[in-house]
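Structure data follow from model-v4.cif (mmCIF, C-alpha atoms):
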```cif
data_entry
#
loop_
_atom_site.label_atom_id
_atom_site.label_comp_id
_atom_site.auth_asym_id
_atom_site.auth_seq_id
_atom_site.Cartn_x
_atom_site.Cartn_y
_atom_site.Cartn_z
CA MET A 4 135.93 -11.54 66.99
CA SER A 5 138.85 -9.37 68.07
CA SER A 6 139.02 -5.77 66.99
CA ILE A 7 141.53 -4.64 64.40
CA ARG A 8 143.56 -3.01 67.15
CA ASP A 9 143.80 -6.34 69.01
CA VAL A 10 144.97 -8.19 65.92
CA LEU A 11 147.58 -5.57 64.98
CA ARG A 12 148.90 -5.27 68.52
CA ALA A 13 149.15 -9.05 68.89
CA ALA A 14 151.16 -9.20 65.67
CA LYS A 15 153.35 -6.33 66.77
CA GLN A 16 154.09 -8.01 70.10
CA ARG A 17 155.35 -11.09 68.25
CA ASP A 18 158.07 -9.07 66.57
CA GLN A 19 158.32 -5.31 67.00
CA LYS A 20 161.10 -4.89 64.43
CA ALA A 21 159.40 -6.93 61.70
CA PHE A 22 156.12 -5.12 62.16
CA GLU A 23 157.65 -1.66 61.71
CA VAL A 24 157.36 -2.09 57.93
CA SER A 25 153.61 -2.82 58.09
CA PRO A 26 151.45 -0.48 55.99
CA PHE A 27 149.01 -0.23 58.90
CA ALA A 28 149.22 0.75 62.54
CA PRO A 29 146.56 1.25 65.23
CA VAL A 30 145.58 4.87 65.60
CA VAL A 31 146.91 6.60 68.69
CA VAL A 32 144.43 9.16 69.98
CA ALA A 33 147.13 11.82 70.40
CA ASP A 34 148.30 11.28 66.81
CA TYR A 35 144.78 11.63 65.49
CA LYS A 36 144.22 14.84 67.41
CA ALA A 37 147.46 16.17 65.95
CA ALA A 38 146.22 15.28 62.46
CA LEU A 39 143.00 17.15 63.14
CA ALA A 40 144.96 20.18 64.29
CA ALA A 41 147.04 20.02 61.10
CA GLY A 42 143.89 20.19 59.01
CA LEU A 43 143.65 16.58 57.73
CA THR A 44 139.94 16.66 58.43
CA LEU A 45 137.52 19.46 59.13
CA GLY A 46 135.31 19.68 62.16
CA ASP A 47 134.81 16.80 64.59
CA PRO A 48 134.45 13.37 62.90
CA ALA A 49 132.76 12.08 66.06
CA ALA A 50 129.83 14.38 65.29
CA MET A 51 129.31 12.40 62.09
CA GLY A 52 129.61 9.02 63.74
CA LEU A 53 133.19 8.52 62.48
CA LYS A 54 135.77 6.81 64.65
CA PRO A 55 139.49 6.56 63.72
CA LEU A 56 140.61 2.97 63.35
CA VAL A 57 143.93 2.51 61.52
CA VAL A 58 146.54 4.83 60.01
CA ASP A 59 148.60 3.85 56.98
CA ARG A 60 152.20 4.65 56.06
CA ALA A 61 151.12 7.59 53.90
CA GLY A 62 149.34 9.27 56.81
CA GLY A 63 145.81 8.40 55.67
CA TYR A 64 143.13 7.28 58.09
CA PHE A 65 140.70 4.37 57.95
CA LEU A 66 137.60 5.22 59.97
CA ILE A 67 134.52 3.31 61.10
CA TRP A 68 131.43 5.13 59.82
CA GLU A 69 128.85 4.13 62.36
CA ARG A 70 126.12 6.28 60.79
CA GLY A 71 126.90 5.47 57.18
CA PRO A 72 124.63 3.72 54.65
CA ILE A 73 126.03 0.45 56.07
CA ALA A 74 126.41 0.76 59.83
CA GLY A 75 130.03 0.18 60.80
CA CYS A 76 131.46 0.33 57.27
CA ILE A 77 135.14 1.27 56.87
CA VAL A 78 135.99 4.43 54.92
CA TYR A 79 139.33 5.99 54.07
CA LEU A 80 140.47 9.61 54.15
CA GLY A 81 143.92 10.05 52.64
CA SER A 82 146.45 12.66 53.67
CA GLU A 83 146.02 14.30 50.25
CA GLY A 84 142.23 14.21 50.28
CA GLN A 85 141.59 10.72 48.84
CA ARG A 86 138.12 9.46 49.74
CA TYR A 87 137.59 5.73 49.32
CA VAL A 88 135.60 2.88 50.85
CA ALA A 89 137.46 -0.16 52.16
CA ALA A 90 134.93 -2.67 53.52
CA SER A 91 131.41 -3.15 54.76
CA SER A 92 132.56 -4.00 58.29
CA GLU A 93 135.58 -4.13 60.56
CA ASP A 94 135.66 -7.93 60.23
CA GLU A 95 135.94 -7.63 56.44
CA PHE A 96 138.74 -5.11 56.74
CA ILE A 97 140.70 -7.27 59.20
CA ALA A 98 140.45 -10.15 56.70
CA MET A 99 142.07 -7.92 54.06
CA LEU A 100 145.04 -6.75 56.18
CA PRO A 101 147.53 -9.23 54.64
CA TYR A 102 147.12 -7.52 51.27
CA GLY A 103 148.73 -4.39 52.68
CA ASP A 104 149.04 -1.46 50.27
CA ALA A 105 147.08 -3.39 47.63
CA VAL A 106 143.92 -2.59 49.61
CA ILE A 107 144.46 1.11 48.94
CA ASP A 108 145.15 0.41 45.27
CA ALA A 109 141.88 -1.55 45.07
CA MET A 110 139.94 1.29 46.70
CA ALA A 111 141.37 3.78 44.21
CA TYR A 112 140.54 1.40 41.35
CA TRP A 113 136.88 1.02 42.30
CA ALA A 114 136.44 4.69 43.14
CA GLN A 115 137.64 5.59 39.64
CA ARG A 116 135.61 2.84 37.96
CA LEU A 117 132.42 3.95 39.70
CA THR A 118 132.85 7.71 39.40
CA THR A 119 134.49 7.79 35.96
CA PRO A 120 133.12 4.75 34.11
CA THR A 121 134.80 5.66 30.81
CA ALA A 122 138.27 5.84 32.36
CA THR A 123 140.71 3.04 31.55
CA VAL A 124 142.20 1.76 34.78
CA ALA A 125 144.05 -1.45 35.52
CA ALA A 126 142.92 -3.69 38.37
CA PRO A 127 145.60 -3.96 41.09
CA ALA A 128 147.68 -7.11 41.25
CA GLY A 129 148.46 -9.15 44.35
CA LEU A 130 144.89 -9.56 45.56
CA THR A 131 144.54 -13.30 46.09
CA PRO A 132 145.47 -15.52 49.06
CA ALA A 133 147.97 -17.22 46.74
CA ASP A 134 149.71 -13.88 46.28
CA VAL A 135 149.94 -13.45 50.06
CA ASP A 136 151.40 -16.96 50.44
CA ALA A 137 153.92 -16.23 47.68
CA ARG A 138 155.02 -12.98 49.28
CA ARG A 139 155.30 -14.67 52.65
CA ALA A 140 157.38 -17.51 51.16
CA ALA A 141 159.64 -15.05 49.38
CA ALA A 142 160.48 -13.50 52.77
CA ALA A 143 161.06 -10.04 51.29
CA PRO A 144 162.01 -7.50 53.99
CA ALA A 145 158.97 -5.34 53.18
CA ASP A 146 156.68 -8.32 53.90
CA ALA A 147 158.34 -9.43 57.14
CA TRP A 148 155.35 -8.14 59.07
CA LEU A 149 153.12 -10.76 57.40
CA VAL A 150 154.95 -13.58 59.16
CA LYS A 151 153.72 -12.14 62.47
CA LEU A 152 150.33 -10.89 61.31
CA LEU A 153 148.93 -14.14 59.93
CA PRO A 154 149.37 -16.18 63.15
CA ALA A 155 147.77 -13.32 65.10
CA MET A 156 144.79 -13.41 62.71
CA THR A 157 144.51 -17.18 63.04
CA SER A 158 144.53 -17.02 66.83
CA ALA A 159 141.77 -14.39 66.65
CA GLY A 160 139.68 -16.60 64.37
CA VAL A 161 140.15 -14.39 61.29
CA ALA A 162 140.59 -15.87 57.80
CA ILE A 163 142.18 -14.12 54.83
CA ALA A 164 139.57 -12.56 52.54
CA PRO A 165 139.15 -14.93 49.55
CA ASP A 166 138.31 -12.16 47.05
CA PRO A 167 139.20 -8.70 48.44
CA LEU A 168 138.66 -6.95 45.10
CA ALA A 169 135.02 -8.08 45.06
CA THR A 170 134.61 -7.14 48.73
CA ILE A 171 135.91 -3.62 48.11
CA GLU A 172 133.74 -3.30 45.01
CA ALA A 173 130.59 -4.21 46.94
CA ALA A 174 131.42 -1.77 49.73
CA ASN A 175 132.11 1.05 47.28
CA ARG A 176 128.89 0.45 45.36
CA ALA A 177 126.92 0.67 48.60
CA VAL A 178 128.73 3.55 50.30
CA LEU A 179 130.91 5.56 47.90
CA VAL A 180 128.34 8.06 46.58
CA GLU A 181 127.18 9.14 50.03
CA TRP A 182 130.71 9.11 51.45
CA ARG A 183 132.00 11.41 48.71
CA ALA A 184 129.03 13.75 49.19
CA VAL A 185 129.75 13.95 52.91
CA CYS A 186 133.43 14.62 52.21
CA GLU A 187 132.57 17.47 49.88
CA ARG A 188 130.66 19.12 52.71
CA ARG A 189 132.83 18.25 55.68
CA PHE A 190 136.28 17.14 54.53
CA GLU A 191 137.30 19.74 51.99
CA THR A 192 141.02 19.99 51.37
CA GLN A 193 143.08 23.12 50.88
CA ALA A 194 143.65 23.83 47.18
CA VAL A 195 146.48 26.37 47.48
CA LYS A 196 149.69 26.02 49.41
CA ALA A 197 150.02 28.66 52.10
CA ASP A 198 153.01 30.98 52.23
CA LEU A 199 154.33 30.01 55.66
CA ALA A 200 157.22 32.47 55.42
CA VAL A 201 154.81 35.37 55.95
CA ALA A 202 152.80 35.80 59.14
CA PRO A 203 148.97 35.90 58.82
CA ARG A 204 147.49 39.37 58.31
CA PRO A 205 144.38 40.43 60.24
CA TYR A 206 141.37 40.42 57.94
CA GLN A 207 140.04 43.79 56.87
CA ALA A 208 137.48 44.32 54.13
CA THR A 209 139.40 47.39 52.98
CA ALA A 210 142.69 45.49 52.52
CA LEU A 211 143.86 43.64 49.39
CA PHE A 212 145.08 40.05 49.80
CA GLN A 213 147.09 37.82 47.46
CA ILE A 214 146.54 34.14 46.58
CA GLY A 215 148.45 31.94 49.03
CA GLU A 216 148.46 34.64 51.70
CA ARG A 217 147.31 33.70 55.20
CA ILE A 218 144.73 35.81 56.96
CA GLN A 219 143.42 35.89 60.51
CA HIS A 220 139.64 36.27 60.65
CA PRO A 221 137.92 37.25 63.93
CA THR A 222 135.21 34.60 63.46
CA PHE A 223 136.64 31.83 61.25
CA GLY A 224 140.23 31.89 62.53
CA GLU A 225 143.25 31.43 60.29
CA GLY A 226 142.66 30.84 56.58
CA VAL A 227 144.46 30.77 53.22
CA VAL A 228 143.44 32.84 50.20
CA GLU A 229 142.76 30.37 47.37
CA ALA A 230 141.29 32.56 44.63
CA ARG A 231 140.14 36.07 43.70
CA PRO A 232 137.16 35.30 41.43
CA ASP A 233 135.93 38.87 41.07
CA PRO A 234 137.21 42.35 41.92
CA GLY A 235 136.57 42.99 45.59
CA LYS A 236 136.08 39.28 46.47
CA MET A 237 138.29 36.38 47.49
CA THR A 238 137.79 32.70 48.32
CA VAL A 239 139.42 31.72 51.60
CA PHE A 240 139.92 28.20 52.93
CA PHE A 241 139.27 27.84 56.67
CA LYS A 242 139.08 24.65 58.74
CA SER A 243 135.33 25.21 58.91
CA GLY A 244 135.09 25.33 55.11
CA ARG A 245 135.51 27.76 52.23
CA LYS A 246 134.19 31.30 52.56
CA VAL A 247 133.86 34.14 50.07
CA LEU A 248 134.98 37.37 51.70
CA VAL A 249 135.00 40.99 50.64
CA GLN A 250 138.32 42.69 50.06
CA ALA A 251 139.58 45.85 48.36
CA LYS A 252 139.06 45.98 44.60
CA GLU A 253 142.56 47.28 44.07
CA ALA A 254 145.55 48.21 46.14
CA PRO A 255 145.18 51.61 47.84
CA PRO A 256 147.31 54.29 46.20
CA ALA A 257 150.58 55.10 47.83
CA PRO A 258 150.43 58.29 49.91
CA VAL A 259 151.76 61.36 48.11
CA VAL A 260 154.50 63.11 50.02
CA LYS A 261 154.89 66.74 49.01
CA ALA A 262 158.42 68.05 48.96
CA ARG A 263 158.93 71.06 51.17
CA GLY A 264 160.39 74.08 49.44
CA ARG A 265 162.95 76.38 51.02
CA ARG A 266 161.72 79.62 52.43
CA ARG A 267 163.32 82.75 51.20
#
```
Could I get this file's structure written as structure tokens?
Amino acid sequence: MSSIRDVLRAAKQRDQKAFEVSPFAPVVVADYKAALAAGLTLGDPAAMGLKPLVVDRAGGYFLIWERGPIAGCIVYLGSEGQRYVAASSEDEFIAMLPYGDAVIDAMAYWAQRLTTPTATVAAPAGLTPADVDARRAAAAPADAWLVKLLPAMTSAGVAIAPDPLATIEAANRAVLVEWRAVCERRFETQAVKADLAVAPRPYQATALFQIGERIQHPTFGEGVVEARPDPGKMTVFFKSGRKVLVQAKEAPPAPVVKARGRRR
């Protein structure tokens, strides 16, 4: 079995222009490091047994979780903090590539069904091989990449997944709870937008900081003030996680300047 990178690259070589509209692209190491630096994920995913696999159009990453509940399962970390499970193995995920963005819709559907059972959510459409054939026959510009992907899959011995919705459901039932728990500890996302127009201020316990303000901490590095839950405290988001820091309870009073009188 070829890896997902081999299949995608083979399809891309068949027609570079057609494949530019694909929802998926192999992860370039430099791009992933840039995403890490931008704060997409916290810490080093390699320390958790995570390996970047494919990036989607929205900037989210599919990763192989080698130390997960199912060894080698595929999990997803979206650019806005989405945390889904895609498949139980790389082979399963390759078989679902022709469904494109519908795979992400299916992950969101099962994540909501399993974590919020009372919620009313509609199952995504377009998740049968017949749908893929219909899209391919329609030759819509957005599906031009399929014409090149399917032969590449065939030459690699990969068949289209017969029931991707069921495959994603099974993977989520087996992995989702633990994956979300890990994300809560290691992949927290920033809750408040930073004010980039103002340079970070060095952290001092005697200073008063505002929500959205950036600070520079000597140990934790640069962070963003997210909340001030109590007088004299603030919650700050750092790449290493959230920290509660001490700050001034109120702004220091302005210095009083005494006017000088004239001498007689």
From the list A:Ile97, A:Ile73, A:Ala141, A:Ala109, the nearest residue to Ala125 of chain A using all atoms listed in the file is A:Ala109
Q: Name all residues at most 8 Å from segment 165-178 of chain A (count only C-alpha atoms; drop same-chain ones fewer than 2 positions away) and give them as a ChimeraX atom specification.
A: /A:71-73,76,87-91,95,99,106,109-110,113-114,117,130-132,163,180-182
Atom CA of Glu23 of chain A to atom CA of Trp148 of chain A measures 7.4 Å
Judged by all atoms listed in the file, the minimum distance to Ala230 of chain A among A:Ala140, A:Val201, A:Val150, A:Val247 is found for A:Val247
Please work out which residues fall within 6 Å of (142.8, -6.8, 61.5), coordinates as given in the file, with only C-alpha atoms counting, and return them as a PyMOL selection string. chain A and resi 7+10+97+100
Q: Name the residues that the PyMOL selection byres ((chain A and resi 144) around 12) pulls out of this structure, and write them as number ranges by chain.
A: A: 20-25, 138-143, 145-150
What separates atom CA of Pro232 of chain A and atom CA of Leu199 of chain A is a distance of 22.9 Å
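One finds atom CA of Val124 of chain A at 23.3 Å from atom CA of Phe96 of chain A.
Distance annotation: of A:Ala164, A:Ala210, A:Leu152, A:Leu66, the residue with the minimal separation from Asp94 of chain A is A:Ala164; atom set is only C-alpha atoms.
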Practice prompt. Would you write out, as a ChimeraX atom specification, every residue that the PyMOL selection byres ((chain A and resi 53) around 10) captures in this file?
Written response: /A:47-52,54-56,65-71,75-78
Give me a file of those residues, with C-alpha atoms, as a CSV table (one decimal), in the frame of the given file.
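The file below, out39.csv, is the result:
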```csv
chain,number,residue,atom,x,y,z
A,47,ASP,CA,134.8,16.8,64.6
A,48,PRO,CA,134.4,13.4,62.9
A,49,ALA,CA,132.8,12.1,66.1
A,50,ALA,CA,129.8,14.4,65.3
A,51,MET,CA,129.3,12.4,62.1
A,52,GLY,CA,129.6,9.0,63.7
A,54,LYS,CA,135.8,6.8,64.6
A,55,PRO,CA,139.5,6.6,63.7
A,56,LEU,CA,140.6,3.0,63.4
A,65,PHE,CA,140.7,4.4,58.0
A,66,LEU,CA,137.6,5.2,60.0
A,67,ILE,CA,134.5,3.3,61.1
A,68,TRP,CA,131.4,5.1,59.8
A,69,GLU,CA,128.8,4.1,62.4
A,70,ARG,CA,126.1,6.3,60.8
A,71,GLY,CA,126.9,5.5,57.2
A,75,GLY,CA,130.0,0.2,60.8
A,76,CYS,CA,131.5,0.3,57.3
A,77,ILE,CA,135.1,1.3,56.9
A,78,VAL,CA,136.0,4.4,54.9
```
- Identify all residues satisfying the PyMOL selection byres ((chain A and resi 216-220) around 8) in the given file; provide them as a PyMOL selection string. chain A and resi 197-199+201-206+212-215+221-228
So which residues fall inside 7 Å of (139.6, 41.9, 49.9) if we count only C-alpha atoms? Mind giving them as an mmCIF file with C-alpha atoms, in the coordinates of the input?
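As a result, selection-v2.cif now contains:
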```
data_model
loop_
_atom_site.group_PDB
_atom_site.id
_atom_site.type_symbol
_atom_site.label_atom_id
_atom_site.label_comp_id
_atom_site.auth_asym_id
_atom_site.auth_seq_id
_atom_site.Cartn_x
_atom_site.Cartn_y
_atom_site.Cartn_z
ATOM 1 C CA ALA A 208 137.480 44.320 54.130
ATOM 2 C CA THR A 209 139.400 47.390 52.980
ATOM 3 C CA ALA A 210 142.690 45.490 52.520
ATOM 4 C CA LEU A 211 143.860 43.640 49.390
ATOM 5 C CA PHE A 212 145.080 40.050 49.800
ATOM 6 C CA GLY A 235 136.570 42.990 45.590
ATOM 7 C CA LYS A 236 136.080 39.280 46.470
ATOM 8 C CA MET A 237 138.290 36.380 47.490
ATOM 9 C CA LEU A 248 134.980 37.370 51.700
ATOM 10 C CA VAL A 249 135.000 40.990 50.640
ATOM 11 C CA GLN A 250 138.320 42.690 50.060
ATOM 12 C CA ALA A 251 139.580 45.850 48.360
ATOM 13 C CA LYS A 252 139.060 45.980 44.600
#
```
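The residue that comes closest to Ala14 of chain A, out of A:Pro154, A:Pro127, A:Gly103, A:Pro234 and on the basis of all atoms listed in the file, is A:Pro154.
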